Amino acid sequence: MKKFMTATKNKADRAFIRMKNVLANERGDFYISDGVKIIIAVVLGALLLAALTGLFNNTVIPRITQEIQNLFA
């Protein structure tokens with residue numbers, strides 16, 4: 001019985017050490033943080049592009065068109 005208990009304890013200890021090593025592993029952390037940075041950059045770029053498009057379509061283009069028409073009127 002003592003041999004069985006010792007073997008069970010050793011297996012549990014090895015499983016705990018493996019679990020601890022897996023949880024402490026940070027090899028994929030670099031790729032996750034880079035992926036998040038890329039996603040943030042794409043979203044901010046899309047927002048900036050949408051804002052500039054709205055600005056040009058609603059303010060700049062009509063104003064330029066009006067000034068050109070005033071030159072020839």
# chains A, B, ... in the order shown; residues from 1 in each chain; ligands from 1
call {"tool": "select_by_dssp", "arguments": {"residues": "chain A", "states": "alpha helix (DSSP H)", "output": "PyMOL selection string"}}
result
chain A and resi 2-24+29-55+61-72
call {"tool": "write_last_selection", "arguments": {"atoms": "C-alpha atoms", "output": "PDB file, in the first residue's frame"}}
result
ATOM      1  CA  LYS A   2       2.891   2.315   0.807  1.00  0.00           C
ATOM      2  CA  LYS A   3       4.349   1.723  -2.675  1.00  0.00           C
ATOM      3  CA  PHE A   4       1.001   2.639  -4.278  1.00  0.00           C
ATOM      4  CA  MET A   5       0.741   5.864  -2.236  1.00  0.00           C
ATOM      5  CA  THR A   6       4.314   6.862  -3.114  1.00  0.00           C
ATOM      6  CA  ALA A   7       3.732   6.221  -6.817  1.00  0.00           C
ATOM      7  CA  THR A   8       0.479   8.212  -6.751  1.00  0.00           C
ATOM      8  CA  LYS A   9       2.183  11.097  -4.958  1.00  0.00           C
ATOM      9  CA  ASN A  10       5.022  11.106  -7.494  1.00  0.00           C
ATOM     10  CA  LYS A  11       2.568  11.166 -10.419  1.00  0.00           C
ATOM     11  CA  ALA A  12       0.657  14.031  -8.827  1.00  0.00           C
ATOM     12  CA  ASP A  13       3.885  15.957  -8.246  1.00  0.00           C
ATOM     13  CA  ARG A  14       4.975  15.463 -11.868  1.00  0.00           C
ATOM     14  CA  ALA A  15       1.552  16.545 -13.133  1.00  0.00           C
ATOM     15  CA  PHE A  16       1.711  19.651 -10.933  1.00  0.00           C
ATOM     16  CA  ILE A  17       5.184  20.537 -12.208  1.00  0.00           C
ATOM     17  CA  ARG A  18       4.078  20.077 -15.841  1.00  0.00           C
ATOM     18  CA  MET A  19       0.998  22.239 -15.245  1.00  0.00           C
ATOM     19  CA  LYS A  20       3.130  24.916 -13.588  1.00  0.00           C
ATOM     20  CA  ASN A  21       5.539  24.942 -16.540  1.00  0.00           C
ATOM     21  CA  VAL A  22       2.729  25.187 -19.076  1.00  0.00           C
ATOM     22  CA  LEU A  23       1.116  28.104 -17.247  1.00  0.00           C
ATOM     23  CA  ALA A  24       4.455  29.902 -16.875  1.00  0.00           C
ATOM     24  CA  ASP A  29       2.932  36.127 -25.665  1.00  0.00           C
ATOM     25  CA  PHE A  30       4.973  38.014 -28.271  1.00  0.00           C
ATOM     26  CA  TYR A  31       2.675  36.975 -31.112  1.00  0.00           C
ATOM     27  CA  ILE A  32      -0.489  37.826 -29.197  1.00  0.00           C
ATOM     28  CA  SER A  33       0.710  41.326 -28.316  1.00  0.00           C
ATOM     29  CA  ASP A  34       1.812  41.939 -31.910  1.00  0.00           C
ATOM     30  CA  GLY A  35      -1.565  40.760 -33.178  1.00  0.00           C
ATOM     31  CA  VAL A  36      -3.372  43.122 -30.833  1.00  0.00           C
ATOM     32  CA  LYS A  37      -1.170  46.016 -31.968  1.00  0.00           C
ATOM     33  CA  ILE A  38      -1.920  45.260 -35.616  1.00  0.00           C
ATOM     34  CA  ILE A  39      -5.665  45.094 -34.970  1.00  0.00           C
ATOM     35  CA  ILE A  40      -5.581  48.413 -33.106  1.00  0.00           C
ATOM     36  CA  ALA A  41      -3.610  50.028 -35.950  1.00  0.00           C
ATOM     37  CA  VAL A  42      -6.088  48.776 -38.564  1.00  0.00           C
ATOM     38  CA  VAL A  43      -9.090  50.008 -36.581  1.00  0.00           C
ATOM     39  CA  LEU A  44      -7.534  53.436 -35.968  1.00  0.00           C
ATOM     40  CA  GLY A  45      -6.570  53.695 -39.638  1.00  0.00           C
ATOM     41  CA  ALA A  46     -10.114  52.881 -40.718  1.00  0.00           C
ATOM     42  CA  LEU A  47     -11.534  55.490 -38.319  1.00  0.00           C
ATOM     43  CA  LEU A  48      -9.095  58.119 -39.589  1.00  0.00           C
ATOM     44  CA  LEU A  49      -9.912  57.293 -43.206  1.00  0.00           C
ATOM     45  CA  ALA A  50     -13.646  57.519 -42.511  1.00  0.00           C
ATOM     46  CA  ALA A  51     -13.221  60.871 -40.750  1.00  0.00           C
ATOM     47  CA  LEU A  52     -11.143  62.332 -43.588  1.00  0.00           C
ATOM     48  CA  THR A  53     -13.579  61.034 -46.209  1.00  0.00           C
ATOM     49  CA  GLY A  54     -16.473  62.615 -44.362  1.00  0.00           C
ATOM     50  CA  LEU A  55     -14.601  65.884 -43.994  1.00  0.00           C
ATOM     51  CA  ILE A  61     -15.314  69.395 -52.083  1.00  0.00           C
ATOM     52  CA  PRO A  62     -18.525  71.501 -51.952  1.00  0.00           C
ATOM     53  CA  ARG A  63     -16.504  74.593 -51.024  1.00  0.00           C
ATOM     54  CA  ILE A  64     -14.060  74.070 -53.911  1.00  0.00           C
ATOM     55  CA  THR A  65     -16.959  73.474 -56.308  1.00  0.00           C
ATOM     56  CA  GLN A  66     -18.658  76.669 -55.136  1.00  0.00           C
ATOM     57  CA  GLU A  67     -15.479  78.738 -55.520  1.00  0.00           C
ATOM     58  CA  ILE A  68     -14.885  77.400 -59.056  1.00  0.00           C
ATOM     59  CA  GLN A  69     -18.465  78.187 -60.028  1.00  0.00           C
ATOM     60  CA  ASN A  70     -18.070  81.723 -58.612  1.00  0.00           C
ATOM     61  CA  LEU A  71     -14.968  82.238 -60.760  1.00  0.00           C
ATOM     62  CA  PHE A  72     -16.884  81.539 -63.965  1.00  0.00           C
TER      63      PHE A  72
END
